[in-house]
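A.B. asks: So I've got this file, data.cif, and it contains mmCIF, C-alpha atoms:
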data_upload
loop_
_atom_site.label_atom_id
_atom_site.label_comp_id
_atom_site.auth_asym_id
_atom_site.auth_seq_id
_atom_site.Cartn_x
_atom_site.Cartn_y
_atom_site.Cartn_z
CA MET A 18 -19.09 -13.77 20.03
CA PHE A 19 -18.68 -10.45 18.25
CA LYS A 20 -21.27 -8.85 20.52
CA GLU A 21 -19.35 -9.96 23.62
CA PHE A 22 -16.10 -8.55 22.20
CA LEU A 23 -17.86 -5.27 21.46
CA LEU A 24 -19.18 -5.05 25.03
CA LEU A 25 -15.74 -5.79 26.46
CA ALA A 26 -14.21 -3.07 24.25
CA PHE A 27 -16.88 -0.61 25.33
CA GLU A 28 -16.26 -1.35 29.01
CA ALA A 29 -12.52 -0.84 28.46
CA LEU A 30 -13.17 2.58 26.97
CA LYS A 31 -15.51 3.49 29.83
CA GLU A 32 -12.68 2.86 32.28
CA ARG A 33 -10.67 5.56 30.47
CA LYS A 34 -13.48 8.03 29.86
CA LEU A 35 -11.45 11.23 29.52
CA ARG A 36 -8.89 9.78 27.13
CA ALA A 37 -11.56 8.06 25.04
CA SER A 38 -13.77 11.18 24.98
CA LEU A 39 -10.94 13.40 23.74
CA THR A 40 -10.07 10.89 21.02
CA ILE A 41 -13.71 10.69 19.92
CA LEU A 42 -13.83 14.50 19.93
CA MET A 43 -10.91 14.65 17.47
CA VAL A 44 -12.77 12.32 15.11
CA ILE A 45 -15.92 14.44 15.49
CA ILE A 46 -14.03 17.62 14.58
CA GLY A 47 -12.46 16.09 11.46
CA CYS A 48 -15.70 14.51 10.27
CA SER A 49 -17.81 17.63 10.91
CA LEU A 50 -15.34 19.83 9.03
CA LEU A 51 -15.55 17.56 6.00
CA ILE A 52 -19.35 17.57 6.08
CA ALA A 53 -19.55 21.36 6.59
CA VAL A 54 -17.13 22.17 3.76
CA ASP A 55 -18.87 19.74 1.42
CA GLY A 56 -22.30 21.20 2.26
CA ILE A 57 -21.22 24.81 1.70
CA SER A 58 -19.38 24.04 -1.55
CA THR A 59 -22.29 21.97 -2.89
CA GLY A 60 -24.72 24.76 -2.02
CA THR A 61 -22.51 27.34 -3.73
CA LEU A 62 -22.16 25.23 -6.89
CA TYR A 63 -25.91 24.62 -6.97
CA TYR A 64 -26.67 28.33 -6.69
CA ILE A 65 -24.15 29.40 -9.34
CA ASN A 66 -25.33 26.73 -11.79
CA LYS A 67 -28.93 27.77 -11.20
CA GLN A 68 -28.05 31.42 -11.83
CA PHE A 69 -26.27 30.71 -15.11
CA GLN A 70 -29.08 28.44 -16.25
CA LYS A 71 -31.40 31.43 -16.08
CA LEU A 72 -29.45 32.68 -19.06
CA GLY A 73 -29.95 29.48 -21.05
CA THR A 74 -27.00 27.12 -21.19
CA ASN A 75 -27.58 26.83 -24.95
CA VAL A 76 -27.00 30.60 -25.36
CA LEU A 77 -23.80 32.09 -26.79
CA ILE A 78 -23.00 35.78 -26.47
CA VAL A 79 -21.02 37.62 -29.14
CA ILE A 80 -19.22 40.85 -28.14
CA PRO A 81 -16.88 42.86 -30.44
CA LYS A 82 -13.25 43.02 -29.29
CA SER A 83 -12.82 46.54 -30.68
CA THR A 84 -14.86 49.43 -32.10
CA ALA A 85 -13.62 48.47 -35.56
CA VAL A 86 -15.80 45.36 -35.46
CA LYS A 87 -19.46 45.89 -36.20
CA ILE A 88 -22.31 43.58 -35.35
CA ASP A 89 -24.37 44.33 -38.45
CA LYS A 90 -26.90 42.57 -40.65
CA ASN A 91 -24.19 40.76 -42.62
CA MET A 92 -22.72 39.19 -39.46
CA ILE A 93 -26.16 38.32 -38.13
CA ASN A 94 -27.22 36.64 -41.39
CA PHE A 95 -23.96 34.68 -41.54
CA ILE A 96 -24.44 33.39 -38.01
CA LYS A 97 -28.11 32.56 -38.55
CA ASN A 98 -27.15 30.30 -41.45
CA LEU A 99 -24.64 28.29 -39.39
CA GLU A 100 -25.57 24.74 -38.47
CA GLY A 101 -27.16 24.40 -35.04
CA VAL A 102 -28.33 28.02 -34.75
CA VAL A 103 -31.99 28.43 -33.78
CA ASP A 104 -31.88 32.24 -33.78
CA ALA A 105 -29.52 35.19 -33.46
CA VAL A 106 -30.91 38.15 -31.52
CA PRO A 107 -29.01 41.48 -31.68
CA ALA A 108 -29.31 44.11 -28.97
CA TYR A 109 -28.22 47.60 -27.99
CA THR A 110 -27.15 48.07 -24.40
CA GLN A 111 -25.96 51.00 -22.33
CA THR A 112 -25.83 52.21 -18.74
CA VAL A 113 -28.12 55.20 -18.28
CA THR A 114 -29.79 57.27 -15.57
CA ALA A 115 -33.49 56.75 -15.00
CA TYR A 116 -35.90 58.90 -12.99
CA ILE A 117 -38.50 56.60 -11.51
CA MET A 118 -41.13 57.81 -9.05
CA GLY A 119 -38.99 60.83 -8.18
CA GLU A 120 -35.81 58.83 -7.59
CA GLU A 121 -32.65 58.84 -9.70
CA VAL A 122 -31.24 55.37 -10.34
CA THR A 123 -28.52 53.91 -12.56
CA VAL A 124 -29.92 51.20 -14.80
CA THR A 125 -29.16 49.28 -17.97
CA ILE A 126 -31.28 50.01 -21.02
CA ILE A 127 -31.48 47.18 -23.52
CA GLY A 128 -32.89 47.61 -27.01
CA ILE A 129 -33.99 44.17 -28.20
CA ASP A 130 -36.85 42.32 -29.84
CA ASN A 131 -38.85 41.84 -26.65
CA LEU A 132 -40.72 38.79 -27.93
CA LYS A 133 -37.43 36.86 -28.03
CA LEU A 134 -36.48 37.56 -24.42
CA PRO A 135 -37.85 34.19 -23.16
CA LEU A 136 -35.49 32.44 -25.61
CA ILE A 137 -32.50 34.17 -24.05
CA PHE A 138 -33.73 34.11 -20.45
CA PRO A 139 -35.63 30.83 -19.85
CA GLY A 140 -38.20 31.26 -17.13
CA LEU A 141 -38.58 35.00 -17.68
CA GLU A 142 -42.22 36.05 -17.59
CA LEU A 143 -44.36 39.14 -17.40
CA LEU A 144 -46.00 40.04 -14.11
CA GLU A 145 -48.20 42.69 -15.68
CA GLY A 146 -48.81 44.22 -19.10
CA THR A 147 -47.30 43.17 -22.41
CA TYR A 148 -43.96 43.09 -24.18
CA VAL A 149 -43.03 46.06 -26.35
CA SER A 150 -43.48 45.61 -30.10
CA GLU A 151 -40.67 46.48 -32.52
CA THR A 152 -42.74 49.35 -33.89
CA ASP A 153 -43.26 51.00 -30.49
CA PRO A 154 -40.95 54.05 -30.17
CA VAL A 155 -41.76 54.90 -26.53
CA GLY A 156 -42.82 51.65 -24.82
CA ALA A 157 -40.69 50.00 -22.12
CA VAL A 158 -40.72 46.80 -20.08
CA ILE A 159 -39.35 47.29 -16.56
CA GLY A 160 -37.42 44.88 -14.34
CA TYR A 161 -39.03 43.86 -11.06
CA GLN A 162 -36.71 45.75 -8.70
CA LEU A 163 -37.23 48.99 -10.63
CA ALA A 164 -40.99 48.58 -10.58
CA TYR A 165 -41.00 47.68 -6.86
CA PRO A 166 -38.17 49.72 -5.28
CA SER A 167 -39.71 49.34 -1.80
CA PRO A 168 -42.71 47.57 -0.21
CA ASP A 169 -44.78 50.76 -0.25
CA LYS A 170 -43.93 51.85 -3.79
CA LYS A 171 -45.06 50.41 -7.11
CA LEU A 172 -44.65 51.59 -10.67
CA GLU A 173 -47.95 51.47 -12.51
CA LEU A 174 -48.58 50.47 -16.09
CA GLY A 175 -48.88 53.52 -18.35
CA GLN A 176 -46.68 55.62 -16.06
CA ALA A 177 -43.91 57.62 -17.71
CA ILE A 178 -40.24 57.32 -16.75
CA LYS A 179 -37.50 59.65 -17.95
CA ILE A 180 -34.15 58.26 -19.08
CA SER A 181 -31.01 60.28 -19.79
CA TRP A 182 -27.40 59.68 -20.81
CA VAL A 183 -24.47 61.93 -21.59
CA GLU A 184 -22.56 61.80 -24.88
CA ALA A 185 -19.09 63.27 -25.31
CA ILE A 186 -18.77 65.16 -28.61
CA GLY A 187 -15.32 66.65 -28.93
CA GLN A 188 -14.81 68.91 -25.93
CA GLU A 189 -18.52 69.12 -25.17
CA PHE A 190 -20.93 66.89 -23.34
CA VAL A 191 -24.43 66.53 -24.69
CA ARG A 192 -27.24 65.17 -22.52
CA HIS A 193 -29.90 63.07 -24.23
CA GLU A 194 -33.25 62.67 -22.52
CA LYS A 195 -36.40 60.81 -23.41
CA SER A 196 -39.56 59.68 -21.64
CA PHE A 197 -40.77 56.10 -22.00
CA VAL A 198 -44.14 54.62 -21.10
CA VAL A 199 -44.31 51.46 -18.99
CA ARG A 200 -46.02 48.78 -21.07
CA GLY A 201 -45.05 45.80 -18.96
CA ILE A 202 -43.45 44.75 -15.66
CA LEU A 203 -41.33 41.62 -15.45
CA ASN A 204 -41.71 39.09 -12.67
CA TYR A 205 -38.79 38.70 -10.29
CA PHE A 206 -35.98 36.90 -12.12
CA GLY A 207 -33.26 36.88 -9.48
CA ALA A 208 -30.27 36.32 -11.75
CA MET A 209 -27.20 37.46 -9.86
CA PHE A 210 -24.98 37.58 -12.96
CA VAL A 211 -27.55 39.12 -15.32
CA PRO A 212 -29.20 42.32 -14.00
CA VAL A 213 -32.60 41.64 -15.54
CA ASP A 214 -34.42 42.95 -12.46
CA ARG A 215 -32.67 46.32 -12.79
CA SER A 216 -32.94 46.67 -16.57
CA ILE A 217 -35.27 48.53 -18.90
CA PHE A 218 -36.14 46.80 -22.16
CA VAL A 219 -37.23 48.84 -25.17
CA SER A 220 -37.58 48.09 -28.88
CA THR A 221 -34.45 48.04 -31.04
CA LYS A 222 -35.92 50.91 -33.05
CA ALA A 223 -36.34 53.09 -29.95
CA ALA A 224 -32.85 52.25 -28.63
CA ARG A 225 -31.18 52.92 -31.99
CA SER A 226 -32.73 56.37 -32.15
CA PHE A 227 -32.24 57.32 -28.49
CA LEU A 228 -28.70 55.96 -28.11
CA ASN A 229 -27.47 57.08 -31.56
CA LYS A 230 -26.26 53.62 -32.45
CA GLU A 231 -26.60 54.00 -36.25
CA GLY A 232 -27.50 50.38 -36.90
CA SER A 233 -24.42 48.72 -35.34
CA TYR A 234 -25.40 46.53 -32.40
CA ASP A 235 -23.52 46.18 -29.10
CA ILE A 236 -24.15 42.51 -28.42
CA LEU A 237 -25.55 39.44 -30.13
CA PHE A 238 -27.30 36.54 -28.42
CA ILE A 239 -27.09 33.22 -30.26
CA ILE A 240 -29.59 30.52 -29.36
CA ALA A 241 -28.15 27.12 -30.30
CA LYS A 242 -30.07 23.88 -30.57
CA ASP A 243 -28.05 22.52 -27.65
CA VAL A 244 -24.63 22.84 -26.01
CA SER A 245 -23.07 20.26 -28.34
CA TYR A 246 -22.88 22.97 -31.04
CA HIS A 247 -21.02 25.48 -28.85
CA ASP A 248 -17.48 24.54 -29.84
CA TYR A 249 -18.32 24.47 -33.54
CA LEU A 250 -20.13 27.81 -33.43
CA ARG A 251 -17.43 29.49 -31.35
CA ASP A 252 -14.71 28.38 -33.78
CA ALA A 253 -16.74 29.30 -36.87
CA ILE A 254 -17.52 32.81 -35.63
CA SER A 255 -14.10 33.57 -34.10
CA SER A 256 -12.26 32.52 -37.24
CA ARG A 257 -14.25 34.98 -39.33
CA TYR A 258 -14.75 37.93 -36.96
CA ASP A 259 -12.60 39.60 -34.28
CA VAL A 260 -15.11 39.00 -31.49
CA ASP A 261 -15.39 37.27 -28.14
CA VAL A 262 -17.83 34.36 -28.13
CA ILE A 263 -18.91 33.63 -24.58
CA SER A 264 -20.50 30.28 -23.78
CA MET A 265 -22.57 29.90 -20.64
CA LYS A 266 -21.53 26.25 -20.49
CA ILE A 267 -17.83 27.17 -20.49
CA ILE A 268 -18.37 29.77 -17.76
CA ILE A 269 -20.21 27.20 -15.65
CA ASP A 270 -17.42 24.66 -16.19
CA VAL A 271 -14.73 27.19 -15.24
CA VAL A 272 -16.60 28.25 -12.10
CA ASN A 273 -17.17 24.60 -11.14
CA ASN A 274 -13.48 23.79 -11.64
CA VAL A 275 -12.37 26.77 -9.53
CA LEU A 276 -14.79 25.93 -6.73
CA SER A 277 -13.81 22.27 -6.90
CA ALA A 278 -10.15 23.23 -6.49
CA ILE A 279 -10.97 25.45 -3.50
CA THR A 280 -13.12 22.70 -1.99
CA PHE A 281 -10.32 20.16 -2.48
CA PHE A 282 -7.88 22.48 -0.70
CA ILE A 283 -10.20 23.02 2.26
CA ASN A 284 -11.05 19.32 2.39
CA SER A 285 -7.32 18.60 2.55
CA ILE A 286 -7.15 20.72 5.69
CA ALA A 287 -10.11 18.81 7.13
CA ILE A 288 -8.39 15.51 6.28
CA VAL A 289 -5.38 16.67 8.31
CA SER A 290 -7.65 16.91 11.33
CA LEU A 291 -8.68 13.27 10.73
CA VAL A 292 -5.01 12.33 10.53
CA VAL A 293 -4.49 14.03 13.90
CA ALA A 294 -7.48 12.09 15.21
CA SER A 295 -5.88 8.89 13.88
CA VAL A 296 -2.72 9.66 15.81
CA GLY A 297 -4.90 10.15 18.86
CA ILE A 298 -6.52 6.75 18.34
CA ILE A 299 -3.12 5.08 17.99
CA THR A 300 -1.92 6.79 21.16
CA THR A 301 -5.06 5.90 23.09
CA LEU A 302 -5.03 2.24 22.08
CA TRP A 303 -1.27 1.88 22.51
CA THR A 304 -1.54 3.28 26.03
CA SER A 305 -4.46 0.93 26.66
CA VAL A 306 -2.37 -2.02 25.49
CA MET A 307 0.54 -1.08 27.75
CA GLU A 308 -1.80 -0.70 30.73
CA ARG A 309 -3.47 -4.07 30.12
CA ILE A 310 -0.53 -6.36 29.35
CA ARG A 311 -1.24 -8.60 32.36
CA GLU A 312 -4.91 -8.69 31.31
CA ILE A 313 -3.80 -9.83 27.85
CA GLY A 314 -1.74 -12.60 29.47
CA ILE A 315 -4.73 -13.74 31.55
CA LEU A 316 -7.02 -13.73 28.48
CA LYS A 317 -4.58 -15.86 26.54
CA ALA A 318 -4.11 -18.15 29.54
CA ILE A 319 -7.85 -18.89 29.64
CA GLY A 320 -7.99 -19.69 25.94
CA PHE A 321 -8.09 -16.46 23.93
CA LYS A 322 -6.30 -16.78 20.60
CA ASN A 323 -4.25 -14.05 18.92
CA HIS A 324 -7.10 -13.12 16.60
CA HIS A 325 -9.45 -12.85 19.60
CA VAL A 326 -7.16 -10.27 21.23
CA LEU A 327 -6.76 -8.50 17.89
CA ILE A 328 -10.53 -8.22 17.48
CA LEU A 329 -10.95 -7.10 21.09
CA PHE A 330 -8.62 -4.13 20.77
CA LEU A 331 -9.68 -3.37 17.21
CA ASN A 332 -13.26 -3.08 18.46
CA GLU A 333 -12.17 -0.15 20.60
CA ALA A 334 -11.07 1.65 17.44
CA VAL A 335 -14.38 0.69 15.80
CA ILE A 336 -16.36 2.16 18.71
CA ILE A 337 -14.29 5.38 18.65
CA GLY A 338 -14.79 5.67 14.89
CA LEU A 339 -18.47 4.79 15.05
CA LEU A 340 -19.27 7.38 17.72
CA GLY A 341 -16.99 10.06 16.25
CA SER A 342 -18.19 9.57 12.66
CA SER A 343 -21.89 9.44 13.53
CA ILE A 344 -21.84 12.46 15.85
CA GLY A 345 -19.46 14.31 13.49
CA THR A 346 -21.79 13.80 10.53
CA LEU A 347 -24.68 15.40 12.40
CA ALA A 348 -22.45 18.11 13.86
CA GLY A 349 -21.21 18.95 10.34
CA VAL A 350 -24.71 19.97 9.27
CA VAL A 351 -24.94 22.36 12.22
CA LEU A 352 -21.39 23.61 11.64
CA SER A 353 -22.10 24.43 7.98
CA HIS A 354 -24.95 26.73 8.98
CA LEU A 355 -22.86 28.32 11.73
CA LEU A 356 -20.02 29.01 9.28
CA ARG A 357 -22.46 30.46 6.80
CA ASN A 358 -24.23 32.69 9.34
CA PHE A 359 -21.24 33.94 11.31
CA LEU A 360 -18.26 33.78 8.94
CA LEU A 361 -20.06 34.49 5.65
CA PRO A 362 -23.04 36.69 6.62
CA GLN A 363 -22.75 38.77 3.44
CA PHE A 364 -23.29 35.68 1.28
CA THR A 365 -26.94 35.22 2.15
CA TRP A 366 -27.49 33.33 -1.11
CA ILE A 367 -25.30 30.44 0.08
CA LYS A 368 -27.44 27.67 1.52
CA PRO A 369 -25.62 24.46 2.48
CA ARG A 370 -26.86 21.43 0.56
CA PHE A 371 -26.18 17.81 1.43
CA THR A 372 -26.56 14.48 -0.30
CA ILE A 373 -26.82 10.95 1.03
CA PHE A 374 -23.63 10.15 -0.87
CA SER A 375 -21.80 12.95 0.95
CA PHE A 376 -22.85 11.61 4.35
CA ILE A 377 -21.95 8.01 3.45
CA LYS A 378 -18.59 9.04 1.95
CA THR A 379 -17.52 11.16 4.92
CA TRP A 380 -18.76 8.62 7.47
CA SER A 381 -16.93 5.82 5.64
CA VAL A 382 -13.67 7.80 5.40
CA SER A 383 -13.78 8.56 9.13
CA MET A 384 -14.46 4.91 9.95
CA ILE A 385 -11.62 3.71 7.72
CA PHE A 386 -9.20 6.15 9.35
CA SER A 387 -10.27 4.94 12.78
CA ILE A 388 -10.02 1.22 11.98
CA VAL A 389 -6.67 1.54 10.22
CA SER A 390 -5.35 3.56 13.16
CA GLY A 391 -6.31 0.76 15.53
CA LEU A 392 -4.65 -2.02 13.51
CA TYR A 393 -1.09 -1.61 14.78
CA PRO A 394 -1.88 -1.35 18.53
CA ALA A 395 -4.30 -4.29 18.21
CA TRP A 396 -1.70 -6.36 16.33
CA ARG A 397 0.95 -5.59 18.97
CA ALA A 398 -1.47 -6.62 21.72
CA ALA A 399 -2.22 -9.90 19.91
CA LYS A 400 1.50 -10.69 19.58
CA TRP A 401 2.26 -10.59 23.30
CA ASP A 402 3.56 -13.89 24.64
CA PRO A 403 1.17 -14.96 27.46
CA VAL A 404 4.01 -16.01 29.79
CA VAL A 405 5.82 -12.69 29.33
CA ALA A 406 2.56 -10.79 29.67
CA LEU A 407 1.70 -12.50 32.96
CA ARG A 408 5.12 -11.63 34.42
CA TYR A 409 4.88 -8.01 33.24
CA GLU A 410 4.83 -5.42 36.04
#
Give the structure from the file, written as structure tokens.

C.D. replies:
Amino acid sequence: MFKEFLLLAFEALKERKLRASLTILMVIIGCSLLIAVDGISTGTLYYINKQFQKLGTNVLIVIPKSTAVKIDKNMINFIKNLEGVVDAVPAYTQTVTAYIMGEEVTVTIIGIDNLKLPLIFPGLELLEGTYVSETDPVGAVIGYQLAYPSPDKKLELGQAIKISWVEAIGQEFVRHEKSFVVRGILNYFGAMFVPVDRSIFVSTKAARSFLNKEGSYDILFIIAKDVSYHDYLRDAISSRYDVDVISMKIIIDVVNNVLSAITFFINSIAIVSLVVASVGIITTLWTSVMERIREIGILKAIGFKNHHVLILFLNEAVIIGLLGSSIGTLAGVVLSHLLRNFLLPQFTWIKPRFTIFSFIKTWSVSMIFSIVSGLYPAWRAAKWDPVVALRYE
């Protein structure tokens, strides 16, 4: 019985091809927008989470709020003794000018215990050479992009690079220069938020001497057992020292919340298009009802009950929703790539990602909108008195 009703509904729509096609198109547009927005936002969230995870989610970063606060041995020992702390790794950091293979580039020099870099940057590994020991005054480990500035250029192990920075002393500017020897080259890391690939890592001893840091560190990396200790550690450190304690987990949560809010806003716009499509379905079916009043009378005269007429006209909404939702779901995948390539060409790192749940959710929402939109016209059709319907001109 249901199959026959479905065929009758399909034939009714075929008789009004243009009107039905435009209504289906509205459903396609709404559904595809939802899929496209969801794919782009999911891809963006995935990329950002992946980038932050390269700087371990169990890592906390301590930065002084003012020059009056010193990251010294006393602070480091206090933090190391806190519950949940695996290690606390201090570092010197400064933006400097490097002369590499005849080119002048601005880089970040980081003085740190090189052997502890994998703790801070999970997945970091050497492509060539070795890490610099704490007793090496001239050794350096180079980020991938500095070692491979172009396809035809490569920095070799043992090659010297000159680094310089300018210090303001009163009214004078003093330039400090020093040559370092490449001991190791890091594999490509690709962290967008942490410029590992454009950094030069040296020993803390070498950085202290070259940068005139006098034993006070610029930054402190805390490796916690897991993220459950973050709140405790942040409170314990902040209450004792005037410092900022940055948690990778908190940053990820904030970014996720912001992107979720943006996605919700854009999805709301896409939902409006489905509402418009719903109005189109109501209009299409209502017009169909008004054009087929005599047909309704004949159907009831030959034995059709009210629920039969209801199902018949509701099936038209089902067909519109089914076609629009199915085609719109596929079109949304294509649309997401078109939006990414033509509207966001500078964000090459964004790659739309989709889940089965996303497809099912969007398809279901579109179908529900379509069916609900068809309820009123179908109910009105079912309520026509057969005698009145037969006399209708």

A.B. asks: Give me, as a Markdown table, each residue of segment 270-352 of chain A that comes within 9 Å of segment 382-385 of chain A, together with its shortest interatomic pair and the distance in Å at one decimal, counting all atoms listed in the file, with rows ordered by chain and rising residue number.

C.D. replies:
| residue | atom | partner | partner_atom | distance |
| --- | --- | --- | --- | --- |
| A:Leu291 | CA | A:Ser383 | CA | 7.1 |
| A:Ala334 | CA | A:Met384 | CA | 8.8 |
| A:Val335 | CA | A:Met384 | CA | 7.2 |
| A:Ile337 | CA | A:Met384 | CA | 8.7 |
| A:Gly338 | CA | A:Met384 | CA | 5.0 |
| A:Leu339 | CA | A:Met384 | CA | 6.5 |
| A:Gly341 | CA | A:Ser383 | CA | 8.0 |
| A:Ser342 | CA | A:Ser383 | CA | 5.7 |

A.B. asks: Env of segment 275-285 of chain A: 9 Å cut, atoms = all atoms listed in the file, seq-sep filter 6 positions within chain, self excluded. Answer as a ChimeraX atom specification.

C.D. replies: /A:50-51,54-55,58,61-62

A.B. asks: Could you tell me, as a list of chain:residue names, exactly which residues end up selected when the PyMOL selection byres ((chain A and resi 132) around 8) is applied to this structure?

C.D. replies: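 So the PyMOL selection byres ((chain A and resi 132) around 8) ends up selecting A:Asp130, A:Asn131, A:Lys133, A:Leu134, A:Pro135, A:Tyr148, A:Val149, A:Ser150.
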
A.B. asks: How would you write, as an mmCIF file with C-alpha atoms, in the coordinates of the input, the residues chosen by the PyMOL selection byres ((chain A and resi 120) around 12) on this structure?

C.D. replies:
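This is the output file out-v6.cif:
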data_model
loop_
_atom_site.group_PDB
_atom_site.id
_atom_site.type_symbol
_atom_site.label_atom_id
_atom_site.label_comp_id
_atom_site.auth_asym_id
_atom_site.auth_seq_id
_atom_site.Cartn_x
_atom_site.Cartn_y
_atom_site.Cartn_z
ATOM 1 C CA THR A 114 -29.790 57.270 -15.570
ATOM 2 C CA ALA A 115 -33.490 56.750 -15.000
ATOM 3 C CA TYR A 116 -35.900 58.900 -12.990
ATOM 4 C CA ILE A 117 -38.500 56.600 -11.510
ATOM 5 C CA MET A 118 -41.130 57.810 -9.050
ATOM 6 C CA GLY A 119 -38.990 60.830 -8.180
ATOM 7 C CA GLU A 121 -32.650 58.840 -9.700
ATOM 8 C CA VAL A 122 -31.240 55.370 -10.340
ATOM 9 C CA THR A 123 -28.520 53.910 -12.560
ATOM 10 C CA LEU A 163 -37.230 48.990 -10.630
ATOM 11 C CA ALA A 164 -40.990 48.580 -10.580
ATOM 12 C CA PRO A 166 -38.170 49.720 -5.280
ATOM 13 C CA SER A 167 -39.710 49.340 -1.800
ATOM 14 C CA LYS A 170 -43.930 51.850 -3.790
ATOM 15 C CA LEU A 172 -44.650 51.590 -10.670
ATOM 16 C CA ILE A 178 -40.240 57.320 -16.750
ATOM 17 C CA LYS A 179 -37.500 59.650 -17.950
ATOM 18 C CA ILE A 180 -34.150 58.260 -19.080
#

A.B. asks: My list of candidates is A:Asp169, A:Ile65, A:Val124, A:Gln162. Which is closest to Trp182 of chain A when distances are computed with all atoms listed in the file?

C.D. replies: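 The answer is A:Val124, which sits nearest to Trp182 of chain A.
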
A.B. asks: For the PyMOL selection byres ((chain A and resi 294-303) around 9), applied here, can you spell out every residue it catches as an MDAnalysis selection string?

C.D. replies: chainID A and resid 36:37 39:47 289:293 304:308 330:331 333:334 337 386:395 397:398

A.B. asks: Restricting the calculation to only C-alpha atoms: of A:Asn66, A:Phe321, A:Ile137, A:Ile328, which residue gets closest to Val271 of chain A?

C.D. replies: A:Asn66

A.B. asks: Would you kindly return, as an NGL selection string, each protein, DNA or RNA residue with an atom no farther than 7 Å from any atom of segment 99-110 of chain A, considering only C-alpha atoms and excluding same-chain residues fewer than 5 positions away?

C.D. replies: :A and (93 or 125-129 or 221 or 224 or 234-242 or 246)

A.B. asks: So, with all atoms listed in the file as the atoms that count, which of A:Asp259, A:Glu184, A:Asp153, A:Glu145 lies closest to Lys230 of chain A?

C.D. replies: A:Glu184

A.B. asks: Report the distance between atom CA of Glu28 of chain A and atom CA of Ile377 of chain A in Å, rounded to one decimal place.

C.D. replies: 27.8 Å

A.B. asks: Tell me, in Å to one decimal, how far atom CA of Val219 of chain A is from atom CA of Ile202 of chain A.

C.D. replies: 12.1 Å

A.B. asks: What's the separation between atom CA of Ser196 of chain A and atom CA of Phe138 of chain A, in Å to one decimal place?

C.D. replies: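 It comes out at 26.3 Å.
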
A.B. asks: As AutoDock Vina command-line options, please report the centre and edge lengths, rounded to one decimal in Å, of the axis-aligned box that holds all listed atoms of segment 224-241 of chain A with 8 Å of padding on each of the six sides.

C.D. replies:
--center_x -28.2 --center_y 42.2 --center_z -32.5 --size_x 25.3 --size_y 46.2 --size_z 24.8

A.B. asks: Near Met92 of chain A, counting all atoms listed in the file, which residues have an atom at most 9 Å away, once you skip same-chain residues fewer than 5 positions from it, shown as JSON, numbers by chain?

C.D. replies: {"A": [87, 97, 258]}

A.B. asks: Determine, counting only C-alpha atoms, every residue of protein, DNA or RNA that lies within 12 Å of (-30.9, 26.6, -16.9) in the file coordinates, then give the result as a compact mmCIF listing (two decimals) with C-alpha atoms, in the frame of the given file.

C.D. replies:
# COMPACT_ATOMS: atom_id res chain seq x y z
CA TYR A 63 -25.91 24.62 -6.97
CA TYR A 64 -26.67 28.33 -6.69
CA ILE A 65 -24.15 29.40 -9.34
CA ASN A 66 -25.33 26.73 -11.79
CA LYS A 67 -28.93 27.77 -11.20
CA GLN A 68 -28.05 31.42 -11.83
CA PHE A 69 -26.27 30.71 -15.11
CA GLN A 70 -29.08 28.44 -16.25
CA LYS A 71 -31.40 31.43 -16.08
CA LEU A 72 -29.45 32.68 -19.06
CA GLY A 73 -29.95 29.48 -21.05
CA THR A 74 -27.00 27.12 -21.19
CA ASN A 75 -27.58 26.83 -24.95
CA VAL A 76 -27.00 30.60 -25.36
CA LEU A 136 -35.49 32.44 -25.61
CA ILE A 137 -32.50 34.17 -24.05
CA PHE A 138 -33.73 34.11 -20.45
CA PRO A 139 -35.63 30.83 -19.85
CA GLY A 140 -38.20 31.26 -17.13
CA LEU A 141 -38.58 35.00 -17.68
CA ALA A 208 -30.27 36.32 -11.75
CA ASP A 243 -28.05 22.52 -27.65
CA VAL A 244 -24.63 22.84 -26.01
CA MET A 265 -22.57 29.90 -20.64
CA LYS A 266 -21.53 26.25 -20.49
CA ILE A 269 -20.21 27.20 -15.65

A.B. asks: Can segment 245-251 of chain A be brought up to N, CA and C atoms and written out as a short mmCIF file (atom, residue, chain, number, x, y, z; two decimals), keeping the file's coordinate frame?

C.D. replies:
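This is the output file rebuild-v3.cif:
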data_model
loop_
_atom_site.label_atom_id
_atom_site.label_comp_id
_atom_site.auth_asym_id
_atom_site.auth_seq_id
_atom_site.Cartn_x
_atom_site.Cartn_y
_atom_site.Cartn_z
N SER A 245 -24.01 21.02 -27.52
CA SER A 245 -23.07 20.26 -28.34
C SER A 245 -22.57 21.07 -29.54
N TYR A 246 -23.28 22.13 -29.91
CA TYR A 246 -22.88 22.97 -31.04
C TYR A 246 -21.96 24.13 -30.62
N HIS A 247 -21.75 24.30 -29.32
CA HIS A 247 -21.02 25.48 -28.85
C HIS A 247 -19.60 25.57 -29.42
N ASP A 248 -18.86 24.49 -29.36
CA ASP A 248 -17.48 24.54 -29.84
C ASP A 248 -17.42 24.86 -31.34
N TYR A 249 -18.28 24.22 -32.09
CA TYR A 249 -18.32 24.47 -33.54
C TYR A 249 -18.66 25.93 -33.84
N LEU A 250 -19.70 26.44 -33.18
CA LEU A 250 -20.13 27.81 -33.43
C LEU A 250 -19.07 28.82 -32.99
N ARG A 251 -18.46 28.57 -31.84
CA ARG A 251 -17.43 29.49 -31.35
C ARG A 251 -16.25 29.56 -32.33
#
